[in-house]
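Colleague: structure-v6.txt is reproduced below (compact mmCIF, C-alpha atoms).
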```
# COMPACT_ATOMS: atom_id res chain seq x y z
CA MET A 1 0.00 0.00 0.00
CA ASN A 2 1.19 3.54 -0.72
CA ILE A 3 0.68 5.43 2.52
CA CYS A 4 0.88 9.21 2.36
CA VAL A 5 2.05 10.73 5.62
CA PHE A 6 1.50 14.42 6.23
CA LEU A 7 3.78 15.67 9.02
CA SER A 8 6.15 18.31 10.24
CA ALA A 9 9.67 18.89 8.99
CA ALA A 10 10.56 20.45 12.37
CA ASP A 11 13.00 18.92 14.83
CA LEU A 12 10.79 17.68 17.64
CA ASP A 13 11.30 15.98 20.98
CA GLU A 14 11.02 12.31 21.87
CA ARG A 15 7.29 12.34 22.66
CA TYR A 16 6.72 12.98 18.93
CA THR A 17 9.71 11.27 17.34
CA ARG A 18 9.32 7.93 19.14
CA PRO A 19 5.76 7.22 17.90
CA ALA A 20 6.65 8.53 14.42
CA ARG A 21 9.61 6.16 14.27
CA GLU A 22 7.43 3.30 15.54
CA PHE A 23 4.84 3.94 12.82
CA ALA A 24 7.59 4.15 10.20
CA GLU A 25 9.05 0.80 11.24
CA LEU A 26 5.60 -0.82 11.10
CA LEU A 27 5.04 0.65 7.65
CA GLY A 28 8.41 -0.60 6.38
CA LYS A 29 8.08 -4.08 7.91
CA GLY A 30 4.63 -4.33 6.34
CA GLY A 31 6.17 -3.86 2.91
CA HIS A 32 4.41 -0.55 2.33
CA THR A 33 5.66 2.57 0.56
CA LEU A 34 5.95 5.90 2.35
CA VAL A 35 4.62 8.74 0.23
CA TRP A 36 5.75 11.96 1.91
CA GLY A 37 7.01 15.49 1.38
CA GLY A 38 10.47 14.26 0.46
CA SER A 39 12.44 16.28 2.98
CA ASP A 40 15.45 14.94 4.82
CA VAL A 41 14.96 17.10 7.91
CA GLY A 42 13.07 16.94 11.19
CA LEU A 43 10.22 14.53 11.69
CA MET A 44 10.10 13.86 7.94
CA LYS A 45 13.64 12.47 8.18
CA VAL A 46 12.78 10.38 11.25
CA VAL A 47 9.90 8.71 9.39
CA ALA A 48 11.84 8.20 6.15
CA ASP A 49 14.78 6.69 8.07
CA GLY A 50 12.48 4.28 9.90
CA VAL A 51 10.67 3.14 6.76
CA GLN A 52 13.86 2.68 4.75
CA GLU A 53 15.68 0.83 7.55
CA ALA A 54 12.69 -1.53 7.97
CA GLY A 55 12.66 -2.43 4.26
CA GLY A 56 9.92 -0.14 2.96
CA ARG A 57 10.03 2.05 -0.12
CA LEU A 58 10.24 5.85 -0.21
CA ALA A 59 8.32 8.00 -2.70
CA GLY A 60 8.85 11.70 -2.13
CA VAL A 61 7.10 14.74 -3.54
CA SER A 62 9.02 17.90 -2.78
CA VAL A 63 8.45 21.42 -3.98
CA ARG A 64 10.87 23.61 -5.91
CA PHE A 65 11.57 26.08 -3.06
CA LEU A 66 12.48 23.17 -0.74
CA ALA A 67 14.63 21.29 -3.27
CA SER A 68 17.76 21.85 -1.14
CA LYS A 69 16.21 19.69 1.60
CA VAL A 70 15.31 16.72 -0.63
CA ARG A 71 16.32 13.32 0.71
CA PRO A 72 18.89 11.49 -1.42
CA GLY A 73 18.73 7.78 -2.19
CA VAL A 74 14.98 7.33 -2.39
CA ASP A 75 13.03 5.01 -4.68
CA GLU A 76 11.17 7.88 -6.33
CA MET A 77 11.29 11.68 -6.07
CA VAL A 78 9.21 14.29 -7.84
CA VAL A 79 9.69 18.03 -7.46
CA ALA A 80 6.45 20.01 -7.83
CA GLU A 81 6.27 23.65 -8.86
CA ASP A 82 4.24 24.79 -5.85
CA LEU A 83 2.50 23.56 -2.71
CA ALA A 84 -0.85 23.03 -4.45
CA GLU A 85 0.73 20.75 -7.05
CA ARG A 86 2.69 18.94 -4.34
CA LYS A 87 -0.46 18.21 -2.36
CA LYS A 88 -2.24 17.00 -5.50
CA LEU A 89 0.63 14.66 -6.42
CA LEU A 90 0.91 13.30 -2.87
CA LEU A 91 -2.78 12.44 -2.81
CA GLU A 92 -2.69 10.93 -6.31
CA LYS A 93 0.13 8.57 -5.30
CA ALA A 94 -1.55 7.51 -2.05
CA ASP A 95 -3.83 4.59 -1.27
CA ALA A 96 -4.31 5.92 2.27
CA VAL A 97 -3.37 8.96 4.35
CA VAL A 98 -1.96 9.37 7.85
CA VAL A 99 -1.77 12.81 9.44
CA MET A 100 0.94 13.05 12.07
CA VAL A 101 1.86 16.06 14.19
CA GLY A 102 2.56 19.23 12.26
CA GLY A 103 1.93 22.90 11.76
CA THR A 104 -0.17 24.91 9.33
CA GLY A 105 1.05 23.00 6.27
CA THR A 106 0.05 19.69 7.81
CA LEU A 107 -3.31 21.10 8.85
CA ASP A 108 -3.86 22.38 5.29
CA GLU A 109 -3.08 18.93 3.88
CA ALA A 110 -5.37 17.24 6.41
CA THR A 111 -8.34 19.48 5.70
CA GLU A 112 -7.86 19.08 1.93
CA ILE A 113 -8.19 15.28 2.05
CA LEU A 114 -11.12 15.50 4.48
CA GLU A 115 -12.90 17.98 2.20
CA LEU A 116 -12.39 15.63 -0.76
CA LYS A 117 -13.83 12.76 1.30
CA LYS A 118 -16.73 14.87 2.53
CA HIS A 119 -17.79 15.53 -1.05
CA GLY A 120 -17.25 11.94 -2.19
CA HIS A 121 -14.22 12.70 -4.39
CA THR A 122 -12.10 10.05 -2.67
CA ASP A 123 -12.68 7.02 -0.50
CA LYS A 124 -9.11 6.71 0.74
CA PRO A 125 -8.90 5.94 4.45
CA VAL A 126 -7.59 8.83 6.56
CA VAL A 127 -6.07 8.50 10.03
CA LEU A 128 -5.12 11.30 12.39
CA LEU A 129 -2.40 9.91 14.62
CA ASN A 130 -3.12 11.73 17.85
CA THR A 131 0.37 11.50 19.35
CA ALA A 132 0.56 12.83 22.91
CA GLY A 133 -2.98 14.23 22.53
CA PHE A 134 -1.74 16.65 19.85
CA TYR A 135 -5.06 16.57 17.96
CA ASP A 136 -7.43 16.53 20.96
CA GLY A 137 -8.58 20.08 20.21
CA LEU A 138 -9.09 19.35 16.52
CA LYS A 139 -11.00 16.19 17.36
CA GLU A 140 -13.28 18.23 19.61
CA GLN A 141 -13.78 20.81 16.86
CA PHE A 142 -14.68 18.11 14.33
CA ARG A 143 -17.19 16.64 16.79
CA ARG A 144 -18.75 20.06 17.22
CA MET A 145 -18.96 20.46 13.43
CA GLU A 146 -20.73 17.10 13.26
CA ASP A 147 -23.05 17.78 16.20
CA GLU A 148 -24.09 21.20 14.88
CA GLY A 149 -24.76 20.02 11.32
CA PHE A 150 -21.69 21.28 9.48
CA LEU A 151 -20.71 17.85 8.17
CA PRO A 152 -22.96 16.11 5.63
CA ARG A 153 -21.42 12.74 6.53
CA PRO A 154 -20.66 11.16 9.90
CA LEU A 155 -17.22 12.04 11.22
CA THR A 156 -16.38 8.32 11.45
CA GLU A 157 -16.72 8.09 7.64
CA LEU A 158 -14.21 10.91 7.17
CA VAL A 159 -11.41 10.17 9.61
CA PHE A 160 -10.20 7.64 12.14
CA PHE A 161 -8.42 8.95 15.24
CA ALA A 162 -5.64 6.61 16.38
CA GLU A 163 -3.86 7.09 19.68
CA GLU A 164 -1.00 4.70 18.85
CA PRO A 165 0.94 3.84 15.67
CA VAL A 166 -0.09 0.18 15.70
CA GLY A 167 -3.78 1.17 15.68
CA ALA A 168 -3.22 3.57 12.79
CA LEU A 169 -1.63 0.95 10.54
CA ALA A 170 -4.11 -1.76 11.58
CA TYR A 171 -7.00 0.51 10.59
CA LEU A 172 -5.44 1.26 7.19
CA GLU A 173 -4.67 -2.37 6.43
CA GLU A 174 -8.14 -3.46 7.50
CA SER A 175 -9.83 -0.75 5.41
CA ARG A 176 -7.83 -1.84 2.37
CA GLY A 177 -8.45 -5.56 2.99
CA ILE A 178 -4.81 -6.33 3.79
CA ALA A 179 -5.15 -7.47 7.40
```
Please rewrite the model in this file as structure tokens.

Modeller:
Amino acid sequence: MNICVFLSAADLDERYTRPAREFAELLGKGGHTLVWGGSDVGLMKVVADGVQEAGGRLAGVSVRFLASKVRPGVDEMVVAEDLAERKKLLLEKADAVVVMVGGTGTLDEATEILELKKHGHTDKPVVLLNTAGFYDGLKEQFRRMEDEGFLPRPLTELVFFAEEPVGALAYLEESRGIA
């Protein structure tokens, strides 16, 4: 399975890097391909290292203004012209999406895939990996959107919240009939 991971390129502490590394190792050992932003820095590097060391493939989609941070030695790398094209290419390559901790770019990517799902333009499974409760506030906001009628589909049809890496991958494999 090609699993797109949206996540931060920032250098983060152990409470975020440990679960990211754990998920990456599970992904690699499962024979899956990481589809990610292609950077060789921060949490993106942690995940790419873990996948590659565990035997998985790496398919990166970078963007021209970040080309200096592209990871060498990957199975596939594409450099998009801008962030919109990058996001489009990442989603096209993916069979499933995992949203890890991140900033505004990660949030933008997460809401894009959820909007596509909401309108029935994709049926790819989406997981928010809620490491260290990072997405508790967003989860609450989504529940409020659902409760107050802002979502035309049940929240459970749009996204699965996983508290641990093993639950995230299990959900994806089950939804794609792999487990």

Colleague: At what distance in Å, to one decimal, does CA of His32 in chain A lie from CA of Leu107 in chain A?

Modeller: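 Going from CA of Leu107 in chain A over to CA of His32 in chain A covers 23.9 Å.
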
Colleague: Go through A:Asp13, A:Val74, A:Phe134, A:Leu169 one by one, measure the shortest atom-to-atom distance of each to Glu25 in chain A using all atoms listed in the file, and give the residue with the smallest value.

Modeller: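 Nearest candidate to Glu25 in chain A out of A:Asp13, A:Val74, A:Phe134, A:Leu169: A:Leu169.
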
Colleague: Write out as a ChimeraX atom specification the residues lying within 7 Å of range 86-94 of chain A, counting all atoms listed in the file and excluding same-chain residues fewer than 5 positions away.

Modeller: /A:2-4,35-36,61-63,80,109

Colleague: Keeping only C-alpha atoms, take the residues you just selected and write them out as a PDB file, keeping the file's coordinate frame.

Modeller:
```
ATOM      1  CA  ASN A   2       1.190   3.540  -0.720  1.00  0.00           C
ATOM      2  CA  ILE A   3       0.680   5.430   2.520  1.00  0.00           C
ATOM      3  CA  CYS A   4       0.880   9.210   2.360  1.00  0.00           C
ATOM      4  CA  VAL A  35       4.620   8.740   0.230  1.00  0.00           C
ATOM      5  CA  TRP A  36       5.750  11.960   1.910  1.00  0.00           C
ATOM      6  CA  VAL A  61       7.100  14.740  -3.540  1.00  0.00           C
ATOM      7  CA  SER A  62       9.020  17.900  -2.780  1.00  0.00           C
ATOM      8  CA  VAL A  63       8.450  21.420  -3.980  1.00  0.00           C
ATOM      9  CA  ALA A  80       6.450  20.010  -7.830  1.00  0.00           C
ATOM     10  CA  GLU A 109      -3.080  18.930   3.880  1.00  0.00           C
TER      11      GLU A 109
END
```

Colleague: Please provide the set of residues having any atom within 9 Å of Leu27 in chain A, restricted to all atoms listed in the file, with same-chain residues fewer than 3 positions apart removed, written as a compact mmCIF listing (two decimals) with C-alpha atoms, keeping the file's coordinate frame.

Modeller:
```txt
# COMPACT_ATOMS: atom_id res chain seq x y z
CA ILE A 3 0.68 5.43 2.52
CA GLU A 22 7.43 3.30 15.54
CA PHE A 23 4.84 3.94 12.82
CA ALA A 24 7.59 4.15 10.20
CA GLY A 30 4.63 -4.33 6.34
CA GLY A 31 6.17 -3.86 2.91
CA HIS A 32 4.41 -0.55 2.33
CA THR A 33 5.66 2.57 0.56
CA LEU A 34 5.95 5.90 2.35
CA GLY A 50 12.48 4.28 9.90
CA VAL A 51 10.67 3.14 6.76
CA ALA A 54 12.69 -1.53 7.97
CA GLY A 55 12.66 -2.43 4.26
CA GLY A 56 9.92 -0.14 2.96
CA LEU A 169 -1.63 0.95 10.54
```

Colleague: Rank nothing, just name the residue among A:Met100, A:Val41, A:Leu12, A:Val126 nearest to Thr156 in chain A, using only C-alpha atoms.

Modeller: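 Distance minimum relative to Thr156 in chain A lands on A:Val126.
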
Colleague: Please report the interatomic distance between CA of Glu76 in chain A and CA of Leu7 in chain A in Å with one decimal.

Modeller: 18.7 Å

Colleague: Quick check, in Å to one decimal: how far apart do CA of Ala20 in chain A and CA of Leu138 in chain A lie?

Modeller: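 Those two atoms sit 19.2 Å apart.
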
Colleague: Which residue out of A:Arg143, A:Ala96, A:Gly103, A:Asp136 has the minimum interatomic distance to Glu174 in chain A when only C-alpha atoms are used?

Modeller: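 Among the listed residues, the smallest separation from Glu174 in chain A belongs to A:Ala96.
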
Colleague: Mind checking which residues fall within 12 Å of Gly120 in chain A, counting only C-alpha atoms, ignoring those fewer than 3 positions away in the same chain, and posting them as a ChimeraX atom specification?

Modeller: /A:113-117,123-124,152-153,157-158
